[in-house]
Each structure stands twice: as C-alpha cells, then as structure tokens.
>>> print(open('work_28.cif').read())   # mmCIF, C-alpha atoms
data_target
loop_
_atom_site.label_atom_id
_atom_site.label_comp_id
_atom_site.auth_asym_id
_atom_site.auth_seq_id
_atom_site.Cartn_x
_atom_site.Cartn_y
_atom_site.Cartn_z
CA MET T 1 40.23 -19.97 -20.56
CA TYR T 2 38.78 -16.84 -22.14
CA ILE T 3 35.19 -17.43 -23.26
CA PHE T 4 33.97 -14.65 -25.56
CA GLU T 5 30.43 -13.85 -26.70
CA LEU T 6 29.39 -13.16 -30.28
CA ASN T 7 25.79 -12.11 -30.84
CA TYR T 8 24.19 -13.13 -34.13
CA PRO T 9 21.01 -11.05 -34.66
CA GLY T 10 19.50 -13.91 -36.68
CA THR T 11 20.19 -17.26 -38.28
CA TRP T 12 20.50 -16.26 -41.95
CA LEU T 13 21.67 -13.12 -43.68
CA GLN T 14 19.23 -11.11 -45.75
CA PHE T 15 21.00 -10.19 -48.96
CA GLU T 16 19.77 -9.82 -52.51
CA ASP T 17 22.62 -11.65 -54.24
CA GLU T 18 22.43 -15.27 -53.05
CA GLU T 19 25.99 -16.13 -54.06
CA ILE T 20 27.44 -13.16 -52.17
CA LYS T 21 25.17 -13.95 -49.24
CA TYR T 22 26.66 -17.44 -48.89
CA GLU T 23 30.17 -16.07 -49.26
CA ILE T 24 29.64 -13.53 -46.48
CA GLU T 25 28.03 -16.12 -44.20
CA SER T 26 31.09 -18.31 -44.79
CA MET T 27 33.35 -15.38 -43.93
CA PHE T 28 31.47 -14.81 -40.69
CA ARG T 29 32.01 -18.44 -39.75
CA SER T 30 35.72 -18.03 -40.50
CA ILE T 31 35.88 -14.85 -38.42
CA GLU T 32 34.27 -16.68 -35.51
CA GLY T 33 36.89 -19.41 -35.90
CA ILE T 34 39.67 -16.80 -35.87
CA VAL T 35 38.34 -15.20 -32.68
CA THR T 36 38.22 -18.69 -31.16
CA GLU T 37 41.89 -19.24 -32.07
CA ALA T 38 42.80 -15.90 -30.53
CA ALA T 39 40.94 -16.71 -27.29
CA ILE T 40 42.53 -20.16 -26.96
CA SER T 41 46.07 -19.04 -27.81
CA LEU T 42 45.82 -16.10 -25.38
CA SER T 43 44.62 -18.42 -22.62
CA MET T 44 47.47 -20.86 -23.26
CA PHE T 45 50.02 -18.05 -23.51
CA GLU T 46 49.06 -16.69 -20.10
CA ALA T 47 48.86 -20.16 -18.56
CA CYS T 48 52.38 -21.18 -19.57
CA ARG T 49 53.82 -17.81 -18.52
CA ASN T 50 52.23 -18.17 -15.08
CA GLU T 51 53.86 -21.55 -14.48
CA ARG T 52 56.71 -21.26 -11.99
CA PRO T 53 59.08 -24.24 -12.07
CA ASN T 54 60.65 -25.29 -8.76
CA SER T 55 64.38 -25.27 -9.53
CA LYS T 56 65.34 -27.07 -6.32
CA ASN T 57 62.89 -29.91 -6.93
CA GLU T 58 64.02 -30.21 -10.56
CA TRP T 59 67.69 -30.38 -9.51
CA GLU T 60 66.97 -33.03 -6.88
CA ARG T 61 64.88 -35.06 -9.36
CA ASP T 62 67.60 -34.92 -12.04
CA ALA T 63 70.31 -35.84 -9.51
CA GLU T 64 68.35 -38.91 -8.38
CA LEU T 65 67.65 -40.03 -11.96
CA ARG T 66 71.31 -39.57 -12.88
CA ARG T 67 72.46 -41.48 -9.80
CA GLU T 68 70.23 -44.46 -10.64
CA ILE T 69 71.35 -44.54 -14.26
CA ASP T 70 75.08 -44.15 -13.45
CA GLU T 71 74.91 -46.91 -10.84
CA LYS T 72 73.32 -49.33 -13.29
CA ILE T 73 75.85 -48.49 -16.04
CA ARG T 74 78.81 -48.96 -13.63
CA GLN T 75 77.51 -52.36 -12.55
CA GLU T 76 77.10 -53.49 -16.15
CA ALA T 77 80.42 -52.05 -17.41
CA GLY T 78 82.61 -53.14 -14.51
CA GLU T 79 86.24 -51.99 -14.67
CA ASP T 80 85.78 -50.78 -18.24
CA TYR T 81 83.67 -47.91 -16.84
CA TYR T 82 86.81 -46.21 -15.54
CA GLN T 83 88.90 -47.07 -18.60
CA ASP T 84 86.54 -45.37 -21.06
CA PHE T 85 84.77 -42.79 -18.92
CA ASP T 86 83.70 -40.50 -21.80
CA LYS T 87 81.93 -43.36 -23.55
CA TYR T 88 79.85 -44.18 -20.48
CA ARG T 89 79.25 -40.53 -19.66
CA ILE T 90 77.58 -40.06 -23.06
CA LEU T 91 75.64 -43.32 -22.58
CA SER T 92 74.45 -42.05 -19.20
CA GLU T 93 73.40 -38.74 -20.73
CA LYS T 94 71.44 -40.51 -23.48
CA GLN T 95 69.66 -42.74 -20.98
CA LEU T 96 68.86 -39.75 -18.79
CA ARG T 97 67.34 -37.95 -21.79
CA PHE T 98 65.32 -41.06 -22.68
CA LYS T 99 64.07 -41.40 -19.10
CA LYS T 100 63.05 -37.74 -18.92
CA ALA T 101 61.18 -38.02 -22.22
CA GLU T 102 59.47 -41.18 -20.93
CA LEU T 103 58.36 -39.25 -17.84
CA GLY T 104 57.06 -36.37 -19.97
CA ILE T 105 59.75 -33.92 -18.85
CA LEU T 106 60.42 -31.35 -21.57
CA PRO T 107 63.84 -29.92 -22.50
CA ARG T 108 64.39 -26.39 -21.20
CA SER T 109 64.60 -25.09 -24.78
CA TYR T 110 61.10 -26.50 -25.44
CA ILE T 111 59.68 -24.88 -22.31
CA HIS T 112 61.27 -21.56 -23.31
CA LYS T 113 59.67 -21.68 -26.78
CA ILE T 114 56.10 -22.55 -25.74
CA PRO T 115 54.95 -18.97 -24.92
CA PHE T 116 56.49 -17.74 -28.20
CA ILE T 117 54.42 -20.28 -30.14
CA HIS T 118 51.19 -19.18 -28.45
CA ALA T 119 52.10 -15.50 -28.95
CA HIS T 120 52.62 -16.03 -32.67
CA THR T 121 49.38 -17.99 -32.99
CA PHE T 122 47.57 -15.08 -31.36
CA VAL T 123 49.17 -12.48 -33.64
CA TYR T 124 48.46 -14.55 -36.76
CA ALA T 125 44.80 -14.83 -35.71
CA VAL T 126 44.55 -11.07 -35.15
CA ASP T 127 46.16 -10.38 -38.52
CA SER T 128 43.82 -12.83 -40.29
CA PHE T 129 40.88 -11.05 -38.66
CA GLY T 130 42.02 -7.79 -40.25
CA LYS T 131 42.36 -9.46 -43.64
CA PHE T 132 38.75 -10.63 -43.51
CA LEU T 133 37.64 -7.08 -42.75
CA GLU T 134 39.58 -5.87 -45.80
CA GLU T 135 37.91 -8.49 -47.99
CA LEU T 136 34.42 -7.62 -46.76
CA CYS T 137 34.99 -4.00 -47.74
CA ILE T 138 35.55 -5.04 -51.37
CA TYR T 139 31.99 -6.29 -51.87
CA ASP T 140 29.35 -3.97 -53.34
CA GLY T 141 26.34 -3.18 -51.19
CA MET T 142 28.09 -3.57 -47.85
CA PRO T 143 26.71 -1.56 -44.91
CA GLU T 144 28.74 1.56 -44.21
CA GLN T 145 29.57 0.14 -40.78
CA VAL T 146 31.79 -2.50 -42.39
CA GLN T 147 34.36 0.11 -43.41
CA HIS T 148 34.10 1.71 -39.99
CA CYS T 149 34.94 -1.66 -38.43
CA ARG T 150 37.98 -2.06 -40.68
CA ASP T 151 39.17 1.47 -39.94
CA GLU T 152 38.74 0.96 -36.20
CA PHE T 153 40.75 -2.25 -36.35
CA ASN T 154 43.59 -0.49 -38.22
CA ARG T 155 43.49 2.44 -35.80
CA LEU T 156 43.66 0.29 -32.67
CA LEU T 157 46.15 -2.30 -33.97
CA PRO T 158 48.36 -0.54 -36.54
CA SER T 159 51.44 -2.74 -36.05
CA VAL T 160 49.85 -6.20 -36.31
CA ARG T 161 50.15 -6.61 -40.09
CA LYS T 162 53.75 -5.38 -40.15
CA ILE T 163 54.81 -7.61 -37.26
CA ARG T 164 53.11 -10.62 -38.81
CA ASN T 165 54.90 -9.93 -42.11
CA SER T 166 58.26 -9.86 -40.33
CA ALA T 167 57.41 -13.13 -38.57
CA LEU T 168 56.44 -14.69 -41.89
CA HIS T 169 59.60 -13.42 -43.63
CA ILE T 170 62.01 -13.86 -40.75
CA GLU T 171 64.57 -15.39 -43.14
CA ASP T 172 64.78 -11.95 -44.81
CA ARG T 173 64.61 -9.85 -41.64
CA SER T 174 67.36 -11.90 -40.01
CA ARG T 175 69.68 -10.90 -42.88
CA GLY T 176 68.67 -7.25 -42.64
CA TYR T 177 66.27 -7.06 -45.59
CA GLY T 178 62.98 -5.16 -45.43
CA THR T 179 60.61 -5.15 -48.39
CA TRP T 180 61.04 -7.63 -51.23
CA GLN T 181 61.81 -4.73 -53.55
CA ASP T 182 64.74 -3.69 -51.34
CA LYS T 183 65.90 -7.30 -51.07
CA LYS T 184 65.94 -7.56 -54.87
CA LYS T 185 68.18 -4.48 -54.98
CA GLY T 186 70.40 -5.82 -52.20
CA LYS T 187 69.47 -2.84 -50.01
CA LYS T 188 69.51 -3.48 -46.27
CA MET T 189 67.31 -1.85 -43.63
CA GLU T 190 68.44 0.99 -41.45
CA THR T 191 67.45 -0.34 -38.03
CA GLU T 192 66.84 1.57 -34.83
CA GLY T 193 70.08 0.51 -33.20
CA PHE T 194 69.52 -3.27 -33.28
CA LEU T 195 67.70 -6.03 -35.12
CA GLY T 196 65.03 -7.62 -32.93
CA LEU T 197 63.19 -10.74 -34.07
CA SER T 198 60.59 -12.73 -32.14
CA ASN T 199 61.27 -11.09 -28.78
CA LEU T 200 58.87 -11.32 -25.86
CA GLU T 201 58.84 -8.30 -23.58
CA ASN T 202 56.38 -9.23 -20.83
CA ASN T 203 53.16 -9.75 -22.82
CA GLN T 204 54.35 -8.04 -26.01
CA LEU T 205 55.63 -9.81 -29.12
CA CYS T 206 58.26 -7.59 -30.74
CA TYR T 207 59.86 -7.50 -34.18
CA THR T 208 61.93 -5.20 -36.33
CA ILE T 209 59.60 -4.52 -39.25
CA ALA T 210 60.31 -3.76 -42.90
CA ASP T 211 61.08 -0.06 -42.36
CA GLY T 212 63.71 -0.90 -39.72
CA SER T 213 61.67 0.25 -36.72
CA TYR T 214 61.10 -1.95 -33.68
CA GLN T 215 57.39 -2.58 -33.09
CA ARG T 216 55.29 -4.34 -30.45
CA VAL T 217 51.87 -5.95 -30.26
CA GLU T 218 50.22 -7.02 -27.02
CA ILE T 219 49.15 -10.58 -26.36
CA SER T 220 46.33 -9.55 -24.06
CA GLN T 221 42.64 -9.60 -23.24
CA PRO T 222 42.15 -5.98 -24.41
CA VAL T 223 43.30 -7.01 -27.91
CA LEU T 224 40.96 -10.01 -27.85
CA ASP T 225 38.18 -7.65 -26.73
CA VAL T 226 38.83 -5.52 -29.82
CA LEU T 227 38.16 -8.54 -32.05
CA VAL T 228 35.00 -9.46 -30.16
CA GLN T 229 33.60 -5.92 -30.13
CA ILE T 230 34.32 -5.32 -33.81
CA THR T 231 32.77 -8.67 -34.74
CA ASN T 232 29.61 -7.84 -32.81
CA HIS T 233 29.40 -4.42 -34.49
CA LEU T 234 29.94 -6.10 -37.84
CA LEU T 235 27.19 -8.68 -37.27
CA ALA T 236 24.78 -6.01 -36.06
CA SER T 237 25.30 -3.92 -39.21
CA PHE T 238 23.67 -6.55 -41.47
CA LYS T 239 20.04 -7.53 -41.84
CA TRP T 240 19.18 -11.01 -40.60
CA GLU T 241 16.23 -13.35 -40.43
CA GLY T 242 15.49 -16.23 -38.08
CA SER T 243 16.21 -16.63 -34.39
CA PRO T 244 19.11 -14.78 -32.76
CA ASN T 245 21.89 -16.93 -31.33
CA ILE T 246 25.10 -16.65 -29.36
CA ALA T 247 28.52 -18.11 -30.16
CA PRO T 248 30.50 -20.06 -29.16
CA HIS T 249 27.96 -22.84 -28.68
CA TYR T 250 28.03 -25.23 -25.74
#
>>> encode(input="work_28.cif", output="structure tokens")
Amino acid sequence: MYIFELNYPGTWLQFEDEEIKYEIESMFRSIEGIVTEAAISLSMFEACRNERPNSKNEWERDAELRREIDEKIRQEAGEDYYQDFDKYRILSEKQLRFKKAELGILPRSYIHKIPFIHAHTFVYAVDSFGKFLEELCIYDGMPEQVQHCRDEFNRLLPSVRKIRNSALHIEDRSRGYGTWQDKKKGKKMETEGFLGLSNLENNQLCYTIADGSYQRVEISQPVLDVLVQITNHLLASFKWEGSPNIAPHY
C-alpha cells in the first residue's frame, strides 16, 4: 500500500476573508481525500495485476467440483438423466456456478475487469485533483504559487482531463462522436486508425479522446508523486497558524 506524506505548515489558514478561508480549508481536506483515493486505487491496481492464477490448479478444482455435482445429479435423476441430457447439463452448470460463488470464486470476466476499475478510479482522482487546482485559481488573493501548481499539473499530465471525459462519455465515443457540439451536428470523429476505449496497455489506461487521437495516462507511482508534490507546494504557499502536522494520520 502506498503511504504518502502531506505536510501542513500549521493547523489553521491565515486569511483575511473568513468565509473564503473556510472554503479553502475545506478544499484542502477534499484534496487530501483525493490523494488518498489515488494512493489506494494505485495500490489495488498493482496488487491485482501482480496476482498470477495457477491454471492447472483451477482446472483440477473445477473438474473435481463438476464431478461431484454430476454424480449427485445422476443419482437423483436415474435413467431420466440420459433421456434429457441437456436439461441436466444446464442444471449441473447452474449448481457449479452456485458452488463457485459460495466458495468465493469469481467469474473470469469479473477478474478481468478488476484492474480496469482500479485504473479508472485512479484517473478520476487525478482529474478531480486538477479541477480543485482550477477552482483555487479563481479566488482573489491567492498566492502566485497556486497558479504555478495548476500549470505544473497541466504540463505533466496533459491527457488526464481528456481521457476522463472520454471515460465519462463512453456512450458517445463508442458511436464515434467527439464533442457534444459535433454530436449535435451528427459529425463523427476522424480517428487515428481505430477507436480505442478503456484499454489497458501494461500500466497505461488508454482512450480515443474527443479529437480522435489515442491517448494514454499512466497508473503509476510517479503520477501519484506528482499529486503529493504539488499538494505540498500548494500547502506551503499559504500562511498558517498553529502546530504543523502530517497527513494521513495514524
């Protein structure tokens, strides 16, 4: 599990406008929560990708379960088992599925999807982080460093927002539509040879984005480090009072 470190220079912000002060403190708490989501989803993504199922053991286990179920069904059905084989084959399959579920054995399609779910959670967290930086820049009286943090995020992770938008509007991308304006006109994207949606290439989540290009974003510790470093720069750019502290708390 990735455990990050955020350094709060103090306990409370020093800011003239009390209402804005509370809003910014709330945003910092949300940003910390987003970095936490990114750290957890990255850890789970890597953990499930590192699992190596033993195909031989799985085959032997399934064969034994199927043998036990078929034997019981044949004994209960008697001669009718051979007269209506398809009926009992489906019954056997249903009981096998029930037994596997009872034992906590997941369908292969579930196992295949798990890393995709963690990858998307990571990308959504990274995108939300960028949105908070954009919102902070709107306030008057922000330290100049806040805009630098936003610009650094956009420089280092230029594809995140576009990939997240394609993931969010996959019903449009899957039909070849880019922006909502183009969709309204019935104009399809000109793709770079193929339409790729929710692909995992090693540790990269890949999507065809609104302009038709195929883009990638890494699900990796270096990307998590970007969030942590920018957050620490952001926190350090404000004036604080009270005792310094470190997050996450144990």
>>> resolve_selection(input="work_28.cif", expression="the PyMOL selection byres ((chain T and resi 225-232) around 10)", output="compact mmCIF listing (two decimals) with C-alpha atoms, keeping the file's coordinate frame")
# COMPACT_ATOMS: atom_id res chain seq x y z
CA PHE T 4 33.97 -14.65 -25.56
CA GLU T 5 30.43 -13.85 -26.70
CA LEU T 6 29.39 -13.16 -30.28
CA ASN T 7 25.79 -12.11 -30.84
CA TYR T 8 24.19 -13.13 -34.13
CA PRO T 9 21.01 -11.05 -34.66
CA PHE T 28 31.47 -14.81 -40.69
CA ILE T 31 35.88 -14.85 -38.42
CA GLU T 32 34.27 -16.68 -35.51
CA ILE T 34 39.67 -16.80 -35.87
CA VAL T 35 38.34 -15.20 -32.68
CA THR T 36 38.22 -18.69 -31.16
CA ALA T 38 42.80 -15.90 -30.53
CA ALA T 39 40.94 -16.71 -27.29
CA ALA T 125 44.80 -14.83 -35.71
CA VAL T 126 44.55 -11.07 -35.15
CA PHE T 129 40.88 -11.05 -38.66
CA GLY T 130 42.02 -7.79 -40.25
CA LEU T 133 37.64 -7.08 -42.75
CA VAL T 146 31.79 -2.50 -42.39
CA HIS T 148 34.10 1.71 -39.99
CA CYS T 149 34.94 -1.66 -38.43
CA ARG T 150 37.98 -2.06 -40.68
CA GLU T 152 38.74 0.96 -36.20
CA PHE T 153 40.75 -2.25 -36.35
CA LEU T 156 43.66 0.29 -32.67
CA LEU T 157 46.15 -2.30 -33.97
CA SER T 220 46.33 -9.55 -24.06
CA GLN T 221 42.64 -9.60 -23.24
CA PRO T 222 42.15 -5.98 -24.41
CA VAL T 223 43.30 -7.01 -27.91
CA LEU T 224 40.96 -10.01 -27.85
CA HIS T 233 29.40 -4.42 -34.49
CA LEU T 234 29.94 -6.10 -37.84
CA LEU T 235 27.19 -8.68 -37.27
CA ALA T 236 24.78 -6.01 -36.06
CA SER T 237 25.30 -3.92 -39.21
>>> resolve_selection(input="work_28.cif", expression="the PyMOL selection byres ((chain T and resi 121) around 12)", output="ChimeraX atom specification")
/T:34-45,114-120,122-128,164,167-168,205,219
>>> residues_around(input="work_28.cif", residues="region 171-183 of chain T", least_positions_apart="4", cutoff="7 Å", atoms="all atoms listed in the file", output="PyMOL selection string")
chain T and resi 166+187-189+210-211
>>> closest_residue(input="work_28.cif", among="T:Ile69, T:Leu13, T:Met1, T:Leu136", to="Ala47 (chain T)", atoms="only C-alpha atoms")
T:Met1
>>> residues_around(input="work_28.cif", residues="Lys100 (chain T)", least_positions_apart="2", cutoff="12 Å", atoms="only C-alpha atoms", output="JSON list (two decimals) with C-alpha atoms, in the frame of the given file")
[["chain", "number", "residue", "atom", "x", "y", "z"],
["T", 58, "GLU", "CA", 64.02, -30.21, -10.56],
["T", 61, "ARG", "CA", 64.88, -35.06, -9.36],
["T", 62, "ASP", "CA", 67.60, -34.92, -12.04],
["T", 64, "GLU", "CA", 68.35, -38.91, -8.38],
["T", 65, "LEU", "CA", 67.65, -40.03, -11.96],
["T", 66, "ARG", "CA", 71.31, -39.57, -12.88],
["T", 69, "ILE", "CA", 71.35, -44.54, -14.26],
["T", 93, "GLU", "CA", 73.40, -38.74, -20.73],
["T", 94, "LYS", "CA", 71.44, -40.51, -23.48],
["T", 95, "GLN", "CA", 69.66, -42.74, -20.98],
["T", 96, "LEU", "CA", 68.86, -39.75, -18.79],
["T", 97, "ARG", "CA", 67.34, -37.95, -21.79],
["T", 98, "PHE", "CA", 65.32, -41.06, -22.68],
["T", 102, "GLU", "CA", 59.47, -41.18, -20.93],
["T", 103, "LEU", "CA", 58.36, -39.25, -17.84],
["T", 104, "GLY", "CA", 57.06, -36.37, -19.97],
["T", 105, "ILE", "CA", 59.75, -33.92, -18.85],
["T", 106, "LEU", "CA", 60.42, -31.35, -21.57],
["T", 107, "PRO", "CA", 63.84, -29.92, -22.50],
["T", 108, "ARG", "CA", 64.39, -26.39, -21.20]]
>>> atom_distance(input="work_28.cif", atom1="CA of Phe238 (chain T)", atom2="CA of Gly10 (chain T)")
9.7 Å
>>> atom_distance(input="work_28.cif", atom1="CA of Leu195 (chain T)", atom2="CA of Val217 (chain T)")
16.6 Å
>>> closest_residue(input="work_28.cif", among="T:Glu135, T:Ile163, T:Glu68, T:Pro143", to="Gln204 (chain T)", atoms="all atoms listed in the file")
T:Ile163
>>> residues_around(input="work_28.cif", residues="Arg74 (chain T)", least_positions_apart="4", cutoff="12 Å", atoms="all atoms listed in the file", output="mmCIF file with C-alpha atoms, in the frame of the given file")
data_model
loop_
_atom_site.group_PDB
_atom_site.id
_atom_site.type_symbol
_atom_site.label_atom_id
_atom_site.label_comp_id
_atom_site.auth_asym_id
_atom_site.auth_seq_id
_atom_site.Cartn_x
_atom_site.Cartn_y
_atom_site.Cartn_z
ATOM 1 C CA ARG T 67 72.460 -41.480 -9.800
ATOM 2 C CA GLU T 68 70.230 -44.460 -10.640
ATOM 3 C CA ILE T 69 71.350 -44.540 -14.260
ATOM 4 C CA ASP T 70 75.080 -44.150 -13.450
ATOM 5 C CA GLY T 78 82.610 -53.140 -14.510
ATOM 6 C CA GLU T 79 86.240 -51.990 -14.670
ATOM 7 C CA ASP T 80 85.780 -50.780 -18.240
ATOM 8 C CA TYR T 81 83.670 -47.910 -16.840
ATOM 9 C CA TYR T 82 86.810 -46.210 -15.540
ATOM 10 C CA GLN T 83 88.900 -47.070 -18.600
ATOM 11 C CA ASP T 84 86.540 -45.370 -21.060
ATOM 12 C CA PHE T 85 84.770 -42.790 -18.920
ATOM 13 C CA LYS T 87 81.930 -43.360 -23.550
ATOM 14 C CA TYR T 88 79.850 -44.180 -20.480
ATOM 15 C CA ARG T 89 79.250 -40.530 -19.660
ATOM 16 C CA LEU T 91 75.640 -43.320 -22.580
ATOM 17 C CA SER T 92 74.450 -42.050 -19.200
#
>>> atom_distance(input="work_28.cif", atom1="CA of Ile3 (chain T)", atom2="CA of Pro248 (chain T)")
8.0 Å
